[in-house]
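Structure data (compact mmCIF, C-alpha atoms) from start.txt:
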```
# COMPACT_ATOMS: atom_id res chain seq x y z
CA VAL A 1 0.00 0.00 0.00
CA ALA A 2 2.91 2.35 0.81
CA GLY A 3 4.34 1.60 -2.64
CA LYS A 4 0.96 2.29 -4.22
CA SER A 5 0.55 5.65 -2.54
CA ARG A 6 4.09 6.68 -3.47
CA GLU A 7 3.44 5.73 -7.10
CA ARG A 8 0.12 7.60 -7.12
CA MET A 9 1.95 10.75 -6.01
CA LEU A 10 4.49 10.34 -8.82
CA LEU A 11 1.69 9.84 -11.36
CA SER A 12 -0.12 12.92 -10.02
CA ALA A 13 3.05 15.01 -10.24
CA VAL A 14 3.59 13.88 -13.85
CA GLN A 15 0.01 14.77 -14.72
CA LEU A 16 0.23 18.21 -13.10
CA PHE A 17 3.64 18.98 -14.68
CA ARG A 18 2.19 18.19 -18.13
CA ARG A 19 -0.39 20.88 -17.64
CA HIS A 20 1.11 23.54 -15.38
CA GLY A 21 4.86 22.95 -15.37
CA TYR A 22 6.86 22.51 -12.18
CA ASN A 23 6.53 26.11 -10.98
CA GLY A 24 2.78 26.01 -11.55
CA THR A 25 2.36 22.84 -9.47
CA GLY A 26 2.13 23.12 -5.68
CA PHE A 27 3.47 20.34 -3.47
CA ARG A 28 0.09 20.23 -1.70
CA GLU A 29 -1.78 20.03 -5.01
CA VAL A 30 0.11 16.84 -5.78
CA VAL A 31 -1.08 15.31 -2.48
CA ALA A 32 -4.67 16.46 -3.12
CA HIS A 33 -4.59 15.16 -6.71
CA SER A 34 -3.22 11.78 -5.58
CA GLY A 35 -5.78 11.41 -2.80
CA ALA A 36 -3.04 10.50 -0.33
CA PRO A 37 -3.10 11.72 3.29
CA ARG A 38 -1.44 15.11 3.57
CA GLY A 39 1.48 14.25 5.81
CA SER A 40 2.43 11.15 3.83
CA ILE A 41 4.15 13.05 1.02
CA TYR A 42 7.00 14.04 3.37
CA HIS A 43 7.30 10.43 4.42
CA HIS A 44 7.72 9.33 0.81
CA PHE A 45 9.65 12.36 -0.37
CA PRO A 46 11.71 13.71 2.54
CA GLY A 47 13.59 15.91 0.05
CA GLY A 48 10.35 17.78 -0.65
CA LYS A 49 9.06 19.02 -3.97
CA ALA A 50 12.44 18.86 -5.74
CA GLN A 51 12.85 15.18 -4.90
CA LEU A 52 9.29 14.41 -5.99
CA GLY A 53 9.84 16.46 -9.18
CA ALA A 54 13.08 14.75 -10.13
CA GLU A 55 11.61 11.28 -9.46
CA ALA A 56 8.46 12.13 -11.42
CA VAL A 57 10.54 13.26 -14.42
CA THR A 58 12.61 10.06 -14.24
CA PHE A 59 9.42 7.98 -13.96
CA ALA A 60 7.83 9.79 -16.95
CA GLY A 61 11.02 9.43 -18.99
CA GLU A 62 11.25 5.69 -18.34
CA SER A 63 7.54 5.05 -18.96
CA ALA A 64 7.62 6.87 -22.29
CA ASN A 65 10.80 5.05 -23.21
CA ALA A 66 9.27 1.64 -22.52
CA MET A 67 6.27 2.52 -24.69
CA VAL A 68 8.40 3.81 -27.58
CA LEU A 69 10.68 0.79 -27.33
CA ARG A 70 7.74 -1.60 -27.71
CA TRP A 71 6.58 0.20 -30.86
CA LEU A 72 10.06 0.37 -32.38
CA GLU A 73 10.62 -3.32 -31.72
CA SER A 74 7.25 -4.56 -32.95
CA ASP A 75 6.88 -2.29 -36.01
CA GLY A 76 10.41 -1.27 -36.97
CA VAL A 77 11.80 2.23 -36.76
CA VAL A 78 9.68 4.00 -39.41
CA ALA A 79 6.25 2.50 -38.67
CA GLY A 80 7.06 2.48 -34.94
CA LEU A 81 7.91 6.18 -35.06
CA GLU A 82 4.74 6.94 -37.02
CA LYS A 83 2.53 4.97 -34.64
CA PHE A 84 4.09 6.48 -31.56
CA TRP A 85 3.83 10.00 -33.02
CA ALA A 86 0.18 9.48 -34.01
CA SER A 87 -0.66 8.11 -30.59
CA TRP A 88 1.04 11.06 -28.89
CA THR A 89 -0.84 13.48 -31.15
CA ARG A 90 -4.19 11.84 -30.29
CA TYR A 91 -3.33 12.04 -26.61
CA ILE A 92 -2.55 15.78 -26.79
CA GLU A 93 -5.77 16.40 -28.73
CA SER A 94 -7.85 14.28 -26.36
CA SER A 95 -6.66 16.49 -23.47
CA ASP A 96 -8.10 19.45 -25.39
CA PHE A 97 -4.46 20.60 -25.84
CA GLN A 98 -4.08 21.10 -22.08
CA ASP A 99 -1.50 18.35 -21.55
CA GLY A 100 2.03 18.35 -22.87
CA CYS A 101 5.30 16.59 -22.13
CA PRO A 102 5.99 16.53 -18.38
CA VAL A 103 9.76 16.58 -18.96
CA VAL A 104 9.45 19.83 -20.93
CA GLY A 105 7.06 21.12 -18.25
CA VAL A 106 9.97 20.92 -15.81
CA ALA A 107 12.94 21.63 -18.12
CA ALA A 108 11.49 24.75 -19.80
CA GLU A 109 11.92 26.49 -16.43
CA SER A 110 15.16 27.32 -14.67
CA HIS A 111 15.75 25.69 -11.25
CA PRO A 112 19.25 26.59 -10.05
CA GLU A 113 18.15 25.74 -6.49
CA ALA A 114 17.35 22.14 -7.48
CA PRO A 115 19.83 20.91 -10.12
CA GLU A 116 18.41 17.38 -9.81
CA LEU A 117 15.40 18.54 -11.87
CA ALA A 118 17.43 19.51 -14.95
CA ALA A 119 19.61 16.43 -14.49
CA ALA A 120 16.56 14.13 -14.47
CA ALA A 121 15.20 15.85 -17.59
CA ALA A 122 18.56 15.57 -19.37
CA ASN A 123 18.66 11.86 -18.53
CA ALA A 124 15.17 11.35 -19.96
CA PHE A 125 16.08 13.13 -23.21
CA GLU A 126 19.30 11.10 -23.47
CA LEU A 127 17.46 7.86 -22.81
CA TRP A 128 14.98 8.57 -25.61
CA GLU A 129 17.76 9.59 -27.96
CA ALA A 130 19.64 6.38 -27.21
CA THR A 131 16.51 4.28 -27.81
CA PHE A 132 15.80 5.86 -31.21
CA ALA A 133 19.48 5.78 -32.16
CA ALA A 134 19.71 2.06 -31.37
CA ALA A 135 16.61 1.37 -33.49
CA LEU A 136 18.07 3.41 -36.36
CA ARG A 137 21.34 1.50 -36.16
CA ARG A 138 19.53 -1.84 -36.21
CA ALA A 139 17.64 -0.60 -39.30
CA GLY A 140 20.87 0.16 -41.17
CA ILE A 141 22.22 3.56 -40.11
CA THR A 142 25.43 2.06 -38.86
CA LYS A 143 27.37 5.23 -38.04
CA LYS A 144 26.78 6.00 -34.38
CA GLN A 145 26.96 9.79 -34.72
CA GLU A 146 24.54 9.82 -37.63
CA ALA A 147 22.03 7.63 -35.82
CA HIS A 148 22.24 9.85 -32.73
CA ASP A 149 21.88 13.08 -34.72
CA LEU A 150 18.79 11.72 -36.47
CA ALA A 151 17.34 10.56 -33.14
CA LEU A 152 17.95 14.03 -31.70
CA LEU A 153 16.14 15.59 -34.66
CA VAL A 154 13.14 13.33 -34.01
CA ILE A 155 12.94 14.15 -30.32
CA SER A 156 13.66 17.88 -30.56
CA SER A 157 11.09 18.30 -33.34
CA LEU A 158 8.51 16.26 -31.43
CA GLU A 159 8.96 18.39 -28.32
CA GLY A 160 8.88 21.68 -30.21
CA ALA A 161 5.86 20.71 -32.31
CA THR A 162 4.02 19.58 -29.18
CA VAL A 163 4.33 23.08 -27.70
CA MET A 164 3.30 24.57 -31.07
CA SER A 165 0.22 22.33 -31.34
CA ARG A 166 -0.86 23.20 -27.81
CA ALA A 167 -0.50 26.91 -28.57
CA ALA A 168 -2.46 26.62 -31.81
CA ARG A 169 -4.98 24.21 -30.23
CA ASP A 170 -4.58 22.27 -33.45
CA THR A 171 -2.93 18.95 -34.25
CA ARG A 172 -1.44 20.29 -37.49
CA PRO A 173 2.04 21.30 -36.24
CA LEU A 174 2.46 17.82 -34.73
CA VAL A 175 1.01 16.01 -37.75
CA ARG A 176 3.13 17.98 -40.25
CA ALA A 177 6.35 17.69 -38.22
CA GLY A 178 5.78 13.95 -37.73
CA ARG A 179 5.21 13.35 -41.43
CA HIS A 180 8.35 15.33 -42.26
CA VAL A 181 10.54 13.58 -39.73
CA ALA A 182 9.31 10.15 -40.86
CA ARG A 183 10.12 11.12 -44.45
CA ILE A 184 13.66 12.11 -43.47
CA VAL A 185 14.19 8.84 -41.60
CA ARG A 186 12.87 6.88 -44.57
CA GLU A 187 15.19 8.73 -46.99
CA ARG A 188 18.22 8.14 -44.79
CA LEU A 189 17.44 4.45 -44.51
CA ALA A 190 16.98 4.21 -48.29
CA ALA A 191 20.35 5.92 -48.80
CA THR A 192 22.11 3.26 -46.67
CA ASP A 193 20.73 0.32 -48.68
CA VAL B 1 8.04 58.29 -20.42
CA ALA B 2 4.75 56.37 -20.09
CA GLY B 3 5.68 54.46 -23.26
CA LYS B 4 9.12 53.73 -21.83
CA SER B 5 7.78 52.35 -18.58
CA ARG B 6 5.23 50.20 -20.44
CA GLU B 7 7.98 48.84 -22.67
CA ARG B 8 10.23 48.15 -19.68
CA MET B 9 7.45 46.05 -18.13
CA LEU B 10 7.07 44.06 -21.34
CA LEU B 11 10.83 43.48 -21.49
CA SER B 12 10.86 42.41 -17.85
CA ALA B 13 7.98 40.00 -18.44
CA VAL B 14 9.82 38.49 -21.42
CA GLN B 15 12.96 38.07 -19.35
CA LEU B 16 11.12 36.44 -16.45
CA PHE B 17 9.11 34.12 -18.75
CA ARG B 18 12.37 32.90 -20.34
CA ARG B 19 13.56 31.76 -16.97
CA HIS B 20 10.51 30.82 -14.89
CA GLY B 21 7.64 30.44 -17.35
CA TYR B 22 4.35 32.29 -16.98
CA ASN B 23 3.15 30.39 -13.89
CA GLY B 24 6.49 30.97 -12.18
CA THR B 25 6.37 34.73 -12.76
CA GLY B 26 4.39 36.92 -10.37
CA PHE B 27 2.69 40.07 -11.63
CA ARG B 28 4.43 42.00 -8.83
CA GLU B 29 7.80 40.54 -9.73
CA VAL B 30 7.44 42.04 -13.19
CA VAL B 31 6.91 45.48 -11.67
CA ALA B 32 9.85 45.04 -9.30
CA HIS B 33 12.10 43.79 -12.11
CA SER B 34 11.13 46.71 -14.36
CA GLY B 35 11.70 49.27 -11.62
CA ALA B 36 8.31 50.87 -12.36
CA PRO B 37 6.08 52.23 -9.58
CA ARG B 38 3.85 49.48 -8.22
CA GLY B 39 0.45 50.87 -9.18
CA SER B 40 1.48 51.76 -12.71
CA ILE B 41 1.25 48.20 -14.04
CA TYR B 42 -2.57 48.28 -13.71
CA HIS B 43 -2.57 51.58 -15.55
CA HIS B 44 -0.64 50.08 -18.45
CA PHE B 45 -2.21 46.62 -18.30
CA PRO B 46 -5.77 46.95 -17.01
CA GLY B 47 -6.38 43.35 -18.09
CA GLY B 48 -3.82 42.21 -15.50
CA LYS B 49 -1.20 39.51 -15.83
CA ALA B 50 -2.89 37.78 -18.79
CA GLN B 51 -2.87 41.00 -20.85
CA LEU B 52 0.75 41.68 -19.94
CA GLY B 53 1.64 38.05 -20.73
CA ALA B 54 -0.04 38.02 -24.13
CA GLU B 55 1.53 41.37 -25.09
CA ALA B 56 4.96 40.23 -23.88
CA VAL B 57 4.71 37.06 -26.00
CA THR B 58 3.68 39.13 -29.03
CA PHE B 59 6.53 41.56 -28.39
CA ALA B 60 9.06 38.71 -28.04
CA GLY B 61 7.73 37.02 -31.16
CA GLU B 62 8.03 40.18 -33.26
CA SER B 63 11.48 41.11 -31.92
CA ALA B 64 12.87 37.65 -32.67
CA ASN B 65 11.26 37.75 -36.09
CA ALA B 66 12.86 41.09 -36.96
CA MET B 67 16.26 39.74 -35.95
CA VAL B 68 15.89 36.52 -37.92
CA LEU B 69 14.60 38.43 -40.92
CA ARG B 70 17.72 40.66 -41.00
CA TRP B 71 19.99 37.61 -40.96
CA LEU B 72 18.02 35.78 -43.64
CA GLU B 73 18.03 38.83 -45.89
CA SER B 74 21.69 39.75 -45.44
CA ASP B 75 23.17 36.24 -45.51
CA GLY B 76 20.66 34.09 -47.37
CA VAL B 77 18.66 31.28 -45.87
CA VAL B 78 21.43 28.77 -45.06
CA ALA B 79 24.10 31.13 -43.66
CA GLY B 80 21.37 33.27 -42.08
CA LEU B 81 19.93 30.21 -40.32
CA GLU B 82 23.39 29.13 -39.16
CA LYS B 83 24.28 32.59 -37.83
CA PHE B 84 20.97 33.01 -36.07
CA TRP B 85 21.20 29.51 -34.55
CA ALA B 86 24.80 30.10 -33.38
CA SER B 87 23.86 33.45 -31.87
CA TRP B 88 20.89 31.90 -30.04
CA THR B 89 23.12 29.08 -28.74
CA ARG B 90 25.68 31.58 -27.43
CA TYR B 91 22.90 33.52 -25.75
CA ILE B 92 21.54 30.42 -23.96
CA GLU B 93 25.06 29.47 -22.86
CA SER B 94 25.86 33.01 -21.69
CA SER B 95 22.82 32.88 -19.40
CA ASP B 96 24.37 29.76 -17.82
CA PHE B 97 21.46 27.82 -19.40
CA GLN B 98 18.95 29.67 -17.22
CA ASP B 99 17.21 31.50 -20.07
CA GLY B 100 15.10 29.90 -22.77
CA CYS B 101 12.48 30.94 -25.28
CA PRO B 102 9.83 33.16 -23.63
CA VAL B 103 7.14 31.91 -26.02
CA VAL B 104 7.77 28.31 -24.91
CA GLY B 105 7.89 29.53 -21.31
CA VAL B 106 4.24 30.54 -21.71
CA ALA B 107 3.01 27.92 -24.20
CA ALA B 108 4.40 24.86 -22.39
CA GLU B 109 1.80 25.54 -19.69
CA SER B 110 -1.96 25.28 -20.02
CA HIS B 111 -3.97 28.49 -19.47
CA PRO B 112 -7.64 27.79 -20.20
CA GLU B 113 -8.57 30.87 -18.13
CA ALA B 114 -6.59 33.16 -20.47
CA PRO B 115 -6.81 31.90 -24.07
CA GLU B 116 -5.06 35.06 -25.30
CA LEU B 117 -1.78 33.57 -24.04
CA ALA B 118 -1.89 30.48 -26.27
CA ALA B 119 -3.20 32.62 -29.15
CA ALA B 120 -0.26 35.03 -28.85
CA ALA B 121 2.18 32.11 -28.74
CA ALA B 122 0.56 30.47 -31.78
CA ASN B 123 0.84 33.77 -33.67
CA ALA B 124 4.55 34.04 -32.82
CA PHE B 125 5.23 30.49 -34.03
CA GLU B 126 3.25 31.14 -37.23
CA LEU B 127 5.09 34.40 -37.85
CA TRP B 128 8.48 32.68 -37.56
CA GLU B 129 7.34 29.84 -39.78
CA ALA B 130 6.13 32.32 -42.42
CA THR B 131 9.44 34.21 -42.28
CA PHE B 132 11.53 31.07 -42.79
CA ALA B 133 9.14 29.72 -45.42
CA ALA B 134 9.35 32.96 -47.42
CA ALA B 135 13.16 32.88 -47.28
CA LEU B 136 13.16 29.24 -48.42
CA ARG B 137 10.85 30.06 -51.31
CA ARG B 138 13.08 32.94 -52.40
CA ALA B 139 16.03 30.54 -52.27
CA GLY B 140 14.35 28.09 -54.64
CA ILE B 141 11.92 25.87 -52.71
CA THR B 142 8.99 27.06 -54.75
CA LYS B 143 6.27 24.75 -53.40
CA LYS B 144 4.53 26.55 -50.59
CA GLN B 145 3.71 23.46 -48.52
CA GLU B 146 7.28 22.16 -48.77
CA ALA B 147 8.75 25.51 -47.71
CA HIS B 148 6.36 25.69 -44.76
CA ASP B 149 7.04 22.10 -43.65
CA LEU B 150 10.78 22.73 -43.74
CA ALA B 151 10.34 26.00 -41.81
CA LEU B 152 8.28 24.14 -39.20
CA LEU B 153 11.02 21.54 -38.87
CA VAL B 154 13.57 24.30 -38.24
CA ILE B 155 11.48 26.00 -35.57
CA SER B 156 10.22 22.88 -33.80
CA SER B 157 13.72 21.43 -33.65
CA LEU B 158 15.18 24.73 -32.41
CA GLU B 159 12.61 24.95 -29.62
CA GLY B 160 12.99 21.32 -28.59
CA ALA B 161 16.79 21.42 -28.67
CA THR B 162 16.77 24.62 -26.60
CA VAL B 163 14.93 22.83 -23.79
CA MET B 164 17.29 19.85 -24.15
CA SER B 165 20.40 22.06 -23.98
CA ARG B 166 19.11 23.82 -20.89
CA ALA B 167 18.39 20.47 -19.21
CA ALA B 168 21.86 19.12 -20.09
CA ARG B 169 23.51 22.47 -19.30
CA ASP B 170 25.42 21.86 -22.50
CA THR B 171 25.28 23.50 -25.93
CA ARG B 172 25.61 20.15 -27.70
CA PRO B 173 21.92 19.39 -28.34
CA LEU B 174 21.51 22.85 -29.90
CA VAL B 175 24.76 22.67 -31.87
CA ARG B 176 24.01 19.18 -33.21
CA ALA B 177 20.37 19.93 -34.07
CA GLY B 178 21.39 23.18 -35.80
CA ARG B 179 24.04 21.47 -37.89
CA HIS B 180 21.56 18.76 -38.87
CA VAL B 181 18.77 21.16 -39.79
CA ALA B 182 21.15 23.32 -41.86
CA ARG B 183 22.31 20.19 -43.68
CA ILE B 184 18.71 19.25 -44.51
CA VAL B 185 17.97 22.77 -45.80
CA ARG B 186 21.14 22.68 -47.92
CA GLU B 187 20.22 19.29 -49.38
CA ARG B 188 16.69 20.41 -50.23
CA LEU B 189 17.98 23.55 -51.93
CA ALA B 190 20.52 21.50 -53.91
CA ALA B 191 17.73 19.15 -55.03
CA THR B 192 15.74 22.08 -56.46
CA ASP B 193 18.63 23.39 -58.59
```
Using structure tokens, write down the structure that the file contains.
Amino acid sequence: VAGKSRERMLLSAVQLFRRHGYNGTGFREVVAHSGAPRGSIYHHFPGGKAQLGAEAVTFAGESANAMVLRWLESDGVVAGLEKFWASWTRYIESSDFQDGCPVVGVAAESHPEAPELAAAAANAFELWEATFAAALRRAGITKKQEAHDLALLVISSLEGATVMSRAARDTRPLVRAGRHVARIVRERLAATD
Amino acid sequence: VAGKSRERMLLSAVQLFRRHGYNGTGFREVVAHSGAPRGSIYHHFPGGKAQLGAEAVTFAGESANAMVLRWLESDGVVAGLEKFWASWTRYIESSDFQDGCPVVGVAAESHPEAPELAAAAANAFELWEATFAAALRRAGITKKQEAHDLALLVISSLEGATVMSRAARDTRPLVRAGRHVARIVRERLAATD
């Protein structure tokens, strides 16, 4: 039960960061959102909001990575990328463009007082880049640097287009960027044949 | 003088949004940062923080656009893009990775109570896309949709890589994404010759 309540707090933090960012999310709001007793958050996160924030970012990064990995492995890098991107786009739309990436929700703000937040976000971005790069290498882009640069293009464009789609309250930036990125990946793979 | 103090408040809001986002920036902090008398902010922005926020985003969007436009016109689309990207990267680094894009600082959060914020951000993104697309079309990418999709790739990747560089406290994501995007633009221009 202790494990459950701790995990519920992490999930609540992720959900609130998606929508309001880290600065816009109060420590107490996380407790209220999770339905946990008020004092229990200090039991689970003695380091306070920064500890909760860093763990929530790590949790979000690893969950997203596991999901992407499944798609890349079952469908290959191009179809996997397209399916993941389409699913992400539907998710953003289904939230009425209120939700975004929780890692960006934390990393788009400066937190010099809590460097563990940026570090957790950097680790999440690196994990995703490594996952895409490994899939690209398996698919034929054998040069490590090239696979990593292409993976970085995918992730940076996804994150930027997500913010743009939320602003426009329209899936088009995400749909167009996704189509373009998939085309580039396809061309690069064709060029290595 | 009234115009000056209004403009100082906008500049202060932009600077605070870069660092803390909209939710992390207090209305009073903007006044304090700008050095204006406390009551005067309601005189200049009777609509409160949301009005100030939307105008600051518009102001930031137009300033960045004017700067990019000068580079694109004086150096052409490839060198202009590279110079702008390098200058932006130096700026982020010189802030010790504390500053980011003020438009993302507002648009990465959800503000259903103040739709003018997302609308201002969407306008800024569209303005930048139109500026890059026009430069690409002048350089030889005559199809409108193709020029716009390439411009969107540039901007989405820039915004995503900015967040990634701040998280990593390292210019590398920005430098690598910029080099990659410039390469893609160069290849597309070569293919239209």
### Contact set, chain A to chain B: 7 Å, all atoms listed in the file, as a ChimeraX atom specification
/A:19-21,23-24,98,100,104-105,107-110,118-119,121-122,125,149,152-153,156-157,159-161,163-164,167-168,176-177
### Query
Which value, in Å to one decimal, gives the distance between atom CA of A:Val77 and atom CA of B:Ala190?
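Result for atom CA of A:Val77 versus atom CA of B:Ala190: 27.2 Å, one decimal.
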### Query
Between atom CA of B:Glu93 and atom CA of B:Thr171, what is the distance, to one decimal in Å?
6.7 Å
### Spatial neighbours of A:Ala139, max dist 10 Å, only C-alpha atoms, sep filter under 6 positions, as a list in words
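Those residues are Gly76, Val77, Val78, Ala133, Ala147, Leu189, Thr192 and Asp193 of chain A.
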### Query
At what distance in Å, to one decimal, does atom CA of A:Thr89 lie from atom CA of A:Ser63?
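Answer for the atom CA of A:Ser63 to atom CA of A:Thr89 separation: 17.0 Å.
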### Message
Taking (17.1, 33.9, -38.4) in the coordinates of the supplied file, I want to know which residues reach to within 10 Å of it, counting all atoms listed in the file; could you give the answer as a PyMOL selection string?
### Response
chain B and resi 64-73+75-88+128+131-132+135
Using C-alpha atoms, can you write the selected residues to a file as a tab-separated table (two decimals), in the coordinates of the input?
```tsv
chain	number	residue	atom	x	y	z
B	64	ALA	CA	12.87	37.65	-32.67
B	65	ASN	CA	11.26	37.75	-36.09
B	66	ALA	CA	12.86	41.09	-36.96
B	67	MET	CA	16.26	39.74	-35.95
B	68	VAL	CA	15.89	36.52	-37.92
B	69	LEU	CA	14.60	38.43	-40.92
B	70	ARG	CA	17.72	40.66	-41.00
B	71	TRP	CA	19.99	37.61	-40.96
B	72	LEU	CA	18.02	35.78	-43.64
B	73	GLU	CA	18.03	38.83	-45.89
B	75	ASP	CA	23.17	36.24	-45.51
B	76	GLY	CA	20.66	34.09	-47.37
B	77	VAL	CA	18.66	31.28	-45.87
B	78	VAL	CA	21.43	28.77	-45.06
B	79	ALA	CA	24.10	31.13	-43.66
B	80	GLY	CA	21.37	33.27	-42.08
B	81	LEU	CA	19.93	30.21	-40.32
B	82	GLU	CA	23.39	29.13	-39.16
B	83	LYS	CA	24.28	32.59	-37.83
B	84	PHE	CA	20.97	33.01	-36.07
B	85	TRP	CA	21.20	29.51	-34.55
B	86	ALA	CA	24.80	30.10	-33.38
B	87	SER	CA	23.86	33.45	-31.87
B	88	TRP	CA	20.89	31.90	-30.04
B	128	TRP	CA	8.48	32.68	-37.56
B	131	THR	CA	9.44	34.21	-42.28
B	132	PHE	CA	11.53	31.07	-42.79
B	135	ALA	CA	13.16	32.88	-47.28
```
Could you write out as JSON the box around stretch 35-41 of chain A (axis-aligned, all atoms listed in the file, 3 Å on each side), with centre and edge lengths in Å to one decimal?
```
{"center_x": -0.8, "center_y": 12.8, "center_z": 1.5, "size_x": 15.9, "size_y": 10.6, "size_z": 14.6}
```
